[in-house]
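Asks: I am sharing upload01.tsv, which consists of TSV, C-alpha atoms:
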chain	number	residue	atom	x	y	z
P	1073	MET	CA	102.14	27.09	-22.50
P	1074	ARG	CA	101.70	24.09	-24.74
P	1075	SER	CA	98.50	23.03	-22.98
P	1076	ILE	CA	97.12	26.58	-23.26
P	1077	SER	CA	97.67	26.69	-27.01
P	1078	ARG	CA	96.16	23.22	-27.31
P	1079	GLY	CA	93.15	24.40	-25.32
P	1080	VAL	CA	92.74	27.52	-27.46
P	1081	ARG	CA	93.02	25.40	-30.59
P	1082	ALA	CA	90.42	22.93	-29.31
P	1083	PHE	CA	88.12	25.83	-28.37
P	1084	GLY	CA	88.50	27.34	-31.85
P	1085	LEU	CA	87.92	23.98	-33.51
P	1086	PHE	CA	84.76	23.44	-31.46
P	1087	TRP	CA	83.29	26.77	-32.54
P	1088	TRP	CA	84.37	26.28	-36.15
P	1089	ASP	CA	82.75	22.86	-36.20
P	1090	PHE	CA	79.66	24.20	-34.43
P	1091	LEU	CA	79.14	27.28	-36.59
P	1092	VAL	CA	80.47	26.12	-39.95
P	1093	GLY	CA	81.07	22.37	-39.97
P	1094	ASP	CA	79.88	20.78	-43.20
P	1095	THR	CA	77.01	23.26	-43.65
P	1096	PRO	CA	78.56	26.71	-44.15
P	1097	GLU	CA	75.38	27.73	-46.00
P	1098	LEU	CA	73.45	27.56	-42.71
P	1099	LEU	CA	75.79	30.07	-41.07
P	1100	ILE	CA	75.37	32.39	-44.06
P	1101	ALA	CA	71.61	31.86	-43.85
P	1102	VAL	CA	71.51	32.79	-40.17
P	1103	VAL	CA	73.63	35.91	-40.76
P	1104	LEU	CA	71.20	36.95	-43.50
P	1105	ILE	CA	68.18	36.22	-41.29
P	1106	VAL	CA	69.64	38.37	-38.48
P	1107	ALA	CA	70.41	41.16	-40.96
P	1108	LEU	CA	66.89	40.93	-42.34
P	1109	ALA	CA	65.41	41.07	-38.84
P	1110	LEU	CA	67.42	44.20	-38.04
P	1111	LEU	CA	66.48	45.84	-41.35
P	1112	LEU	CA	62.79	45.12	-40.86
P	1113	ARG	CA	62.58	46.05	-37.17
P	1114	HIS	CA	60.25	48.97	-37.97
P	1115	HIS	CA	58.12	46.93	-40.38
P	1116	HIS	CA	56.60	44.34	-38.09
P	1117	ASP	CA	53.98	43.03	-40.51
P	1118	ILE	CA	56.56	42.28	-43.20
P	1119	ALA	CA	59.09	40.91	-40.70
P	1120	ILE	CA	56.76	38.34	-39.14
P	1121	VAL	CA	55.97	36.93	-42.59
P	1122	LEU	CA	59.38	37.21	-44.23
P	1123	LEU	CA	61.52	35.85	-41.39
P	1124	PRO	CA	59.80	32.43	-41.17
P	1125	ALA	CA	59.53	32.26	-44.99
P	1126	VAL	CA	63.24	32.94	-45.51
P	1127	THR	CA	64.19	30.48	-42.75
P	1128	VAL	CA	62.04	27.75	-44.34
P	1129	LEU	CA	63.56	28.49	-47.74
P	1130	PHE	CA	67.13	28.20	-46.43
P	1131	LEU	CA	66.28	24.96	-44.60
P	1132	LEU	CA	64.84	23.41	-47.76
P	1133	VAL	CA	67.76	24.53	-49.93
P	1134	SER	CA	70.34	23.23	-47.44
P	1135	THR	CA	68.50	19.92	-47.03
P	1136	PHE	CA	68.22	19.41	-50.76
P	1137	ARG	CA	71.87	20.36	-51.17
P	1138	GLY	CA	72.77	17.81	-48.47
P	1139	ARG	CA	70.84	15.12	-50.32
P	1140	GLN	CA	72.68	15.83	-53.56
P	1141	ARG	CA	76.05	16.02	-51.79
P	1142	ASP	CA	75.58	12.71	-49.98
P	1143	GLY	CA	74.47	11.18	-53.25
P	1144	SER	CA	77.54	12.31	-55.15
P	1145	ARG	CA	79.77	11.12	-52.27
P	1146	ASP	CA	78.31	7.61	-52.56
P	1147	LYS	CA	78.93	7.28	-56.26
P	1148	PRO	CA	81.93	5.13	-57.12
O	265	MET	CA	57.34	34.96	-19.67
O	266	SER	CA	54.28	32.81	-20.30
O	267	THR	CA	53.73	29.25	-19.15
O	268	SER	CA	53.64	27.97	-22.73
O	269	SER	CA	57.13	29.25	-23.55
O	270	THR	CA	58.47	27.86	-20.26
O	271	VAL	CA	56.99	24.45	-21.13
O	272	VAL	CA	58.54	24.61	-24.60
O	273	LEU	CA	61.87	25.64	-23.01
O	274	VAL	CA	61.79	22.65	-20.65
O	275	LEU	CA	60.86	20.25	-23.46
O	276	ALA	CA	63.53	21.61	-25.80
O	277	VAL	CA	66.32	21.38	-23.20
O	278	PHE	CA	65.11	17.97	-21.97
O	279	GLY	CA	64.95	16.58	-25.52
O	280	ALA	CA	68.34	17.97	-26.58
O	281	SER	CA	69.94	16.71	-23.40
O	282	THR	CA	68.37	13.27	-23.88
O	283	VAL	CA	69.79	12.93	-27.40
O	284	GLU	CA	73.28	14.03	-26.36
O	285	MET	CA	73.28	11.95	-23.18
O	286	VAL	CA	72.33	8.79	-25.08
O	287	GLU	CA	75.39	9.33	-27.26
O	288	ALA	CA	77.60	10.12	-24.25
O	289	LEU	CA	76.34	7.13	-22.28
O	290	THR	CA	77.20	4.80	-25.15
O	291	ILE	CA	80.82	5.97	-24.95
O	292	VAL	CA	80.88	5.79	-21.12
O	293	VAL	CA	79.50	2.23	-21.15
O	294	ALA	CA	81.99	1.19	-23.85
O	295	ALA	CA	84.86	2.63	-21.77
O	296	GLY	CA	83.49	0.97	-18.64
O	297	VAL	CA	83.09	-2.46	-20.20
O	298	THR	CA	86.44	-2.53	-21.98
O	299	ARG	CA	88.66	-0.58	-19.56
O	300	SER	CA	87.48	0.16	-16.03
O	301	TRP	CA	84.06	1.10	-14.71
O	302	ARG	CA	85.54	3.20	-11.94
O	303	SER	CA	87.69	5.29	-14.30
O	304	SER	CA	84.90	5.60	-16.83
O	305	LEU	CA	82.39	6.84	-14.25
O	306	GLU	CA	84.97	9.20	-12.75
O	307	GLY	CA	85.67	10.61	-16.20
O	308	ALA	CA	81.95	11.12	-16.83
O	309	ALA	CA	81.46	12.77	-13.42
O	310	ALA	CA	84.46	15.07	-13.93
O	311	ALA	CA	83.15	16.17	-17.33
O	312	ALA	CA	79.67	16.80	-15.87
O	313	ALA	CA	81.24	18.94	-13.13
O	314	VAL	CA	83.22	20.99	-15.69
O	315	LEU	CA	80.07	21.49	-17.78
O	316	ALA	CA	78.13	22.68	-14.70
O	317	ILE	CA	80.90	25.19	-13.91
O	318	ILE	CA	80.75	26.49	-17.50
O	319	VAL	CA	76.98	26.98	-17.22
O	320	LEU	CA	77.43	29.00	-14.02
O	321	ALA	CA	80.49	30.93	-15.22
O	322	VAL	CA	78.96	31.92	-18.56
O	323	GLY	CA	75.21	31.90	-17.91
O	324	VAL	CA	75.00	34.02	-14.78
O	325	PRO	CA	77.10	36.96	-16.09
O	326	LEU	CA	75.13	36.86	-19.35
O	327	ILE	CA	71.87	37.35	-17.49
O	328	HIS	CA	73.15	40.18	-15.33
O	329	TYR	CA	75.47	42.20	-17.56
O	330	VAL	CA	74.44	41.84	-21.22
O	331	PRO	CA	71.53	43.96	-22.56
O	332	ILE	CA	68.59	41.65	-23.07
O	333	ASN	CA	67.88	42.55	-26.72
O	334	ALA	CA	71.50	42.09	-27.82
O	335	LEU	CA	71.59	38.81	-25.90
O	336	ARG	CA	68.41	37.61	-27.62
O	337	VAL	CA	69.74	38.35	-31.12
O	338	VAL	CA	73.03	36.52	-30.46
O	339	VAL	CA	71.34	33.65	-28.64
O	340	GLY	CA	68.65	33.42	-31.31
O	341	ALA	CA	71.31	33.23	-34.02
O	342	LEU	CA	73.16	30.44	-32.17
O	343	LEU	CA	69.93	28.52	-31.65
O	344	LEU	CA	69.06	28.95	-35.33
O	345	VAL	CA	72.44	27.55	-36.41
O	346	LEU	CA	72.04	24.57	-34.10
O	347	GLY	CA	68.33	24.04	-34.79
O	348	LEU	CA	68.60	24.25	-38.59
O	349	SER	CA	71.60	21.94	-38.56
O	350	TRP	CA	69.79	19.31	-36.44
O	351	LEU	CA	66.63	19.65	-38.51
O	352	ARG	CA	68.43	19.30	-41.83
O	353	LYS	CA	70.35	16.23	-40.67
O	354	SER	CA	67.33	14.52	-39.13
O	355	ILE	CA	65.17	15.19	-42.23
O	356	LEU	CA	67.85	13.54	-44.39
O	357	ARG	CA	68.02	10.58	-41.97
O	358	ALA	CA	64.24	10.18	-41.68
O	359	SER	CA	63.85	10.22	-45.46
O	360	GLY	CA	66.56	7.60	-45.99
O	361	HIS	CA	69.11	9.91	-47.59
O	362	LYS	CA	71.56	9.67	-44.73
O	363	ALA	CA	72.57	6.77	-42.50
O	364	LEU	CA	70.82	6.65	-39.14
O	365	HIS	CA	72.79	7.17	-35.95
O	366	ASP	CA	73.63	3.64	-34.81
O	367	GLU	CA	74.47	3.34	-31.11
O	368	ASP	CA	75.24	-0.37	-31.45
O	369	ALA	CA	77.85	0.33	-34.13
O	370	ILE	CA	79.34	3.20	-32.13
O	371	PHE	CA	79.52	0.97	-29.05
O	372	ALA	CA	81.24	-1.79	-31.05
O	373	ALA	CA	83.71	0.62	-32.66
O	374	THR	CA	84.56	2.36	-29.37
O	375	SER	CA	84.96	-0.98	-27.60
O	376	ALA	CA	87.24	-2.27	-30.36
O	377	GLU	CA	89.38	0.88	-30.14
O	378	LEU	CA	89.71	0.57	-26.37
O	379	ALA	CA	90.26	-3.19	-26.22
O	380	THR	CA	93.99	-3.37	-25.54
O	381	PRO	CA	95.94	-6.10	-23.73
O	382	ALA	CA	95.73	-4.03	-20.55
O	383	SER	CA	91.96	-4.35	-20.51
O	384	SER	CA	92.03	-8.10	-20.78
O	385	SER	CA	94.61	-8.66	-18.07
O	386	SER	CA	93.54	-10.44	-14.92
O	387	ALA	CA	94.88	-7.66	-12.70
O	388	PRO	CA	92.19	-5.84	-10.73
O	389	LYS	CA	91.01	-2.78	-12.65
O	390	ARG	CA	91.57	0.37	-10.68
O	391	ARG	CA	92.29	3.74	-12.25
O	392	ASP	CA	92.74	3.66	-15.99
O	393	ALA	CA	93.85	6.86	-17.71
O	394	ILE	CA	92.50	5.85	-21.13
O	395	GLY	CA	89.09	4.86	-19.78
O	396	PHE	CA	88.93	8.12	-17.80
O	397	SER	CA	89.90	10.35	-20.74
O	398	VAL	CA	87.62	8.61	-23.25
O	399	ALA	CA	84.61	8.91	-20.90
O	400	PHE	CA	85.56	12.50	-20.04
O	401	LYS	CA	85.86	13.52	-23.70
O	402	GLY	CA	82.64	11.73	-24.63
O	403	VAL	CA	80.56	13.42	-21.95
O	404	PHE	CA	82.29	16.79	-22.34
O	405	LEU	CA	81.95	17.02	-26.12
O	406	GLU	CA	78.36	15.75	-26.20
O	407	GLY	CA	77.52	17.95	-23.23
O	408	MET	CA	78.89	21.16	-24.79
O	409	GLU	CA	75.92	21.43	-27.13
O	410	VAL	CA	73.61	20.95	-24.16
O	411	VAL	CA	75.49	23.70	-22.30
O	412	LEU	CA	75.02	26.01	-25.28
O	413	ILE	CA	71.30	25.29	-25.35
O	414	VAL	CA	70.91	25.63	-21.58
O	415	VAL	CA	72.83	28.92	-21.46
O	416	SER	CA	71.14	30.29	-24.60
O	417	LEU	CA	67.55	29.46	-23.71
O	418	GLY	CA	68.04	29.99	-19.99
O	419	ALA	CA	69.73	33.37	-20.31
O	420	SER	CA	67.41	34.78	-22.97
O	421	GLN	CA	64.34	33.95	-20.88
O	422	HIS	CA	65.96	34.50	-17.47
O	423	ARG	CA	65.22	30.85	-16.70
O	424	LEU	CA	68.75	29.49	-16.31
O	425	GLY	CA	67.81	27.41	-13.27
O	426	ILE	CA	64.87	25.71	-15.01
O	427	ALA	CA	66.93	25.08	-18.16
O	428	ALA	CA	69.80	23.57	-16.16
O	429	ALA	CA	67.40	21.46	-14.09
O	430	SER	CA	65.79	20.10	-17.29
O	431	ALA	CA	69.20	19.08	-18.65
O	432	VAL	CA	70.17	17.39	-15.38
O	433	ALA	CA	66.79	15.59	-15.26
O	434	ALA	CA	67.32	14.26	-18.80
O	435	ALA	CA	70.84	13.07	-17.93
O	436	LEU	CA	69.51	11.27	-14.84
O	437	VAL	CA	66.63	9.68	-16.77
O	438	VAL	CA	68.96	8.44	-19.55
O	439	ALA	CA	71.45	7.11	-16.98
O	440	ALA	CA	68.69	5.37	-15.01
O	441	VAL	CA	67.10	3.86	-18.11
O	442	GLY	CA	70.52	2.77	-19.38
O	443	ALA	CA	71.30	1.10	-16.05
O	444	LEU	CA	67.88	-0.54	-15.68
O	445	VAL	CA	67.51	-1.79	-19.20
O	446	ALA	CA	71.14	-2.95	-19.13
O	447	LYS	CA	71.46	-3.03	-22.87
O	448	GLN	CA	72.48	-0.70	-25.64
O	449	LEU	CA	70.58	2.47	-26.19
O	450	SER	CA	69.85	1.78	-29.83
O	451	GLN	CA	66.14	1.43	-29.02
O	452	VAL	CA	65.85	5.14	-28.23
O	453	PRO	CA	64.11	6.89	-31.14
O	454	GLU	CA	66.98	9.32	-31.36
O	455	ASN	CA	66.22	10.77	-34.77
O	456	THR	CA	62.59	11.45	-33.86
O	457	ILE	CA	63.68	13.28	-30.70
O	458	LYS	CA	66.23	15.18	-32.78
O	459	ILE	CA	63.52	16.28	-35.23
O	460	VAL	CA	61.30	17.55	-32.40
O	461	VAL	CA	64.18	19.37	-30.68
O	462	GLY	CA	65.40	20.77	-34.00
O	463	ILE	CA	61.95	22.23	-34.64
O	464	MET	CA	61.86	23.74	-31.14
O	465	LEU	CA	65.37	25.22	-31.34
O	466	THR	CA	64.70	26.70	-34.78
O	467	SER	CA	61.40	28.20	-33.59
O	468	PHE	CA	62.95	29.64	-30.43
O	469	GLY	CA	65.93	30.95	-32.40
O	470	LEU	CA	63.80	32.75	-34.97
O	471	PHE	CA	61.52	34.13	-32.25
O	472	TRP	CA	64.42	35.58	-30.26
O	473	VAL	CA	66.16	37.00	-33.34
O	474	GLY	CA	62.93	38.83	-34.23
O	475	GLU	CA	62.23	39.98	-30.66
O	476	GLY	CA	65.81	41.09	-30.06
O	477	ALA	CA	65.88	43.03	-33.33
O	478	GLY	CA	62.72	44.89	-32.32
O	479	ALA	CA	60.01	43.09	-34.29
O	480	HIS	CA	56.85	42.22	-32.35
O	481	TRP	CA	55.41	38.80	-32.99
O	482	PRO	CA	51.61	38.56	-32.94
O	483	GLY	CA	50.41	37.05	-29.67
O	484	SER	CA	53.85	37.63	-28.11
O	485	ASP	CA	55.16	34.30	-26.69
O	486	ALA	CA	52.28	32.37	-28.27
O	487	ALA	CA	54.00	32.99	-31.61
O	488	ILE	CA	56.53	30.32	-30.62
O	489	ILE	CA	53.74	27.73	-30.83
O	490	LEU	CA	52.79	29.05	-34.27
O	491	LEU	CA	56.42	28.85	-35.43
O	492	ILE	CA	56.66	25.29	-34.10
O	493	GLY	CA	53.56	24.47	-36.16
O	494	ILE	CA	55.04	26.01	-39.32
O	495	PHE	CA	58.36	24.18	-38.98
O	496	SER	CA	56.57	20.92	-38.11
O	497	VAL	CA	54.54	21.10	-41.32
O	498	VAL	CA	57.64	21.95	-43.37
O	499	THR	CA	59.60	19.09	-41.77
O	500	ILE	CA	56.87	16.48	-42.31
O	501	GLY	CA	56.37	17.69	-45.87
O	502	SER	CA	60.11	17.61	-46.59
O	503	ILE	CA	60.48	14.07	-45.28
O	504	ALA	CA	57.49	12.88	-47.30
O	505	TRP	CA	58.79	14.57	-50.44
O	506	LEU	CA	62.37	13.33	-50.05
O	507	ARG	CA	61.09	9.78	-49.48
O	508	THR	CA	59.54	9.85	-52.94
O	509	LEU	CA	62.96	10.59	-54.42
O	510	HIS	CA	65.48	7.84	-54.87
O	511	PRO	CA	67.38	7.46	-51.57
O	512	THR	CA	71.08	7.92	-52.08
O	513	THR	CA	72.30	6.60	-48.74
O	514	HIS	CA	71.24	3.43	-46.97
O	515	ARG	CA	71.77	2.34	-43.40
O	516	GLN	CA	75.41	1.31	-43.21
O	517	PRO	CA	76.48	0.93	-39.59
O	518	THR	CA	80.22	0.95	-40.19
O	519	ASP	CA	80.04	4.01	-42.43
O	520	ALA	CA	77.63	5.60	-40.01
O	521	VAL	CA	80.17	5.41	-37.21
O	522	ALA	CA	82.85	7.07	-39.29
O	523	SER	CA	80.58	9.87	-40.41
O	524	GLU	CA	78.96	10.38	-37.01
O	525	ARG	CA	82.34	10.93	-35.39
O	526	VAL	CA	82.73	13.94	-37.63
O	527	GLU	CA	79.13	15.06	-37.82
O	528	GLU	CA	77.85	14.94	-34.26
Go through the file and emit its structure as structure tokens.
Replies:
Amino acid sequence: MRSISRGVRAFGLFWWDFLVGDTPELLIAVVLIVALALLLRHHHDIAIVLLPAVTVLFLLVSTFRGRQRDGSRDKP
Amino acid sequence: MSTSSTVVLVLAVFGASTVEMVEALTIVVAAGVTRSWRSSLEGAAAAAAVLAIIVLAVGVPLIHYVPINALRVVVGALLLVLGLSWLRKSILRASGHKALHDEDAIFAATSAELATPASSSSAPKRRDAIGFSVAFKGVFLEGMEVVLIVVSLGASQHRLGIAAASAVAAALVVAAVGALVAKQLSQVPENTIKIVVGIMLTSFGLFWVGEGAGAHWPGSDAAIILLIGIFSVVTIGSIAWLRTLHPTTHRQPTDAVASERVEE
């Protein structure tokens, strides 16, 4: 019983770390991208432009945020 | 499924598996050197067997029982999470804003942790529970991301066999190179491989999210190449831009080990 609960906990921790980890904004970004893709499924021309654009935007924002965060962590 | 997307699939799985196997092999070698080679190799083999069972147990039912469009949206989302995360981290490392992954430091830290009086005794080293469990955990945890990529890409393209074979090939190549070179794997350009794989995973992820949702990419599978081009340009541009800014983190092996343990 103990080993089962430990296994479940480890499984949950793995997925939490994988999906959220130290970049929760990326999970939110992906949820928004999926929602956008579903909303625009009948508007192909807009979807094929917006989806890459939004993904690039989220990547840049998260990267810049990571740079600032690492910087503030290093300050004494 | 076109040849180009199959080639990209093979390259993505091979690259991801190479990165993870380099990290796993460092731990296996550290456990082998400091504890017992037999136990370390047995731990690695046991973890590889468990990972293979997971691929079969999860991948095959996915292909046969889950509607392909739903599968592609979910798989695409998972690949996007993984791809964007790898890309972000490797951009920060390449631009000098985050410490590089240092296999030498990880090897030294793992060896120091494992170096107990038992390991230095003159008794013949047979089975060692610590060596086994450290090697098992190292290979299992590093391999889980590879399993996710193999199952995701393999199932969404109905190419589970090719994806699994690419991962196994990468593991064999890394193991062979590690054994032949007989030195630490710090020479492997890990961050560069991670950038390339991050671009591929992000491109695949976005492609499958769009396809699964019902959008039609121009040129069908060829759009993956276009997406790879877009993310490559963005990545190169981001690295160049961030390098012009004052770097906030320098290469600090000891700190790198501590952070890498958390941020694999």
Asks: So what do you get for atom CA of Ser268 of chain O versus atom CA of Ile494 of chain O, distance-wise?
Replies: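 Between atom CA of Ser268 of chain O and atom CA of Ile494 of chain O the gap is 16.8 Å.
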Asks: Padding 6 Å on every side, please: axis-aligned box over the listed atoms of segment 293-311 of chain O, centre and edge lengths to one decimal in Å, as JSON.
Replies:
{"center_x": 84.1, "center_y": 6.8, "center_z": -17.9, "size_x": 21.2, "size_y": 30.7, "size_z": 23.9}
Asks: Provide the atom CA of Ser375 of chain O to atom CA of Ala280 of chain O distance in Å, to one decimal place.
Replies: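 Going from atom CA of Ser375 of chain O over to atom CA of Ala280 of chain O covers 25.2 Å.
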Asks: Please identify all residues of chain O having at least one atom at most 7 Å from any atom of chain P, considering only C-alpha atoms, and return them as a PDB file with C-alpha atoms, keeping the file's coordinate frame.
Replies:
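As written to disk, part.pdb reads:
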ATOM      1  CA  ALA O 341      71.310  33.230 -34.020  1.00  0.00           C
ATOM      2  CA  LEU O 344      69.060  28.950 -35.330  1.00  0.00           C
ATOM      3  CA  VAL O 345      72.440  27.550 -36.410  1.00  0.00           C
ATOM      4  CA  LEU O 348      68.600  24.250 -38.590  1.00  0.00           C
ATOM      5  CA  ARG O 352      68.430  19.300 -41.830  1.00  0.00           C
ATOM      6  CA  LEU O 356      67.850  13.540 -44.390  1.00  0.00           C
ATOM      7  CA  HIS O 361      69.110   9.910 -47.590  1.00  0.00           C
ATOM      8  CA  VAL O 473      66.160  37.000 -33.340  1.00  0.00           C
ATOM      9  CA  GLY O 474      62.930  38.830 -34.230  1.00  0.00           C
ATOM     10  CA  ALA O 477      65.880  43.030 -33.330  1.00  0.00           C
ATOM     11  CA  GLY O 478      62.720  44.890 -32.320  1.00  0.00           C
ATOM     12  CA  ALA O 479      60.010  43.090 -34.290  1.00  0.00           C
ATOM     13  CA  HIS O 480      56.850  42.220 -32.350  1.00  0.00           C
ATOM     14  CA  TRP O 481      55.410  38.800 -32.990  1.00  0.00           C
ATOM     15  CA  THR O 512      71.080   7.920 -52.080  1.00  0.00           C
ATOM     16  CA  THR O 513      72.300   6.600 -48.740  1.00  0.00           C
TER      17      THR O 513
END
Asks: What would the list of residues within 10 Å of (67.8, 28.4, -32.6) (file frame) look like as a list in words, if all atoms listed in the file are what count?
Replies: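 Answer for this query, in the requested form: Val1102 of chain P; Val338, Val339, Gly340, Ala341, Leu342, Leu343, Leu344, Val345, Leu346, Gly347, Leu348, Ser349, Ile413, Ser416, Leu417, Val461, Gly462, Ile463, Met464, Leu465, Thr466, Ser467, Phe468, Gly469, Leu470, Phe471, Trp472 and Val473 of chain O.
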Asks: What is the distance, in Å and to one decimal place, between atom CA of Thr282 of chain O and atom CA of Val432 of chain O?
Replies: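 Between atom CA of Thr282 of chain O and atom CA of Val432 of chain O the gap works out to 9.6 Å.
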Asks: Which polymer residues have any atom within 7 Å of an atom of His422 of chain O, counting all atoms listed in the file, with same-chain residues fewer than 3 positions away left out, as a ChimeraX atom specification?
Replies: /O:327,418-419
Asks: Counting only C-alpha atoms, write as a PyMOL selection string all protein and nucleic acid residues lying at most 12 Å from (65.3, 28.2, -16.0) in the file's frame.
Replies: chain O and resi 265+269-278+319+323-324+327+413-432
Asks: Which residue gives the smallest distance to Ala363 of chain O among O:Asn333, O:Thr267, O:Asn455, O:Thr508, with only C-alpha atoms counted?
Replies: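 Result for the nearest residue to Ala363 of chain O: O:Asn455.
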Asks: When you look at Ser359 of chain O with a cut-off of 8 Å (counting only C-alpha atoms), what residues show up, excluding the ones that are within fewer than 3 positions of it in the same chain? I need them as a ChimeraX atom specification.
Replies: /O:355-356,362,503-504,506-507,511
Asks: Measuring between all atoms listed in the file, which one of O:Ile459, O:Phe495, O:Pro325, O:Ala376 shows the shortest distance to Val1126 of chain P?
Replies: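 Going through O:Ile459, O:Phe495, O:Pro325, O:Ala376 one by one, the smallest distance to Val1126 of chain P is for O:Phe495.
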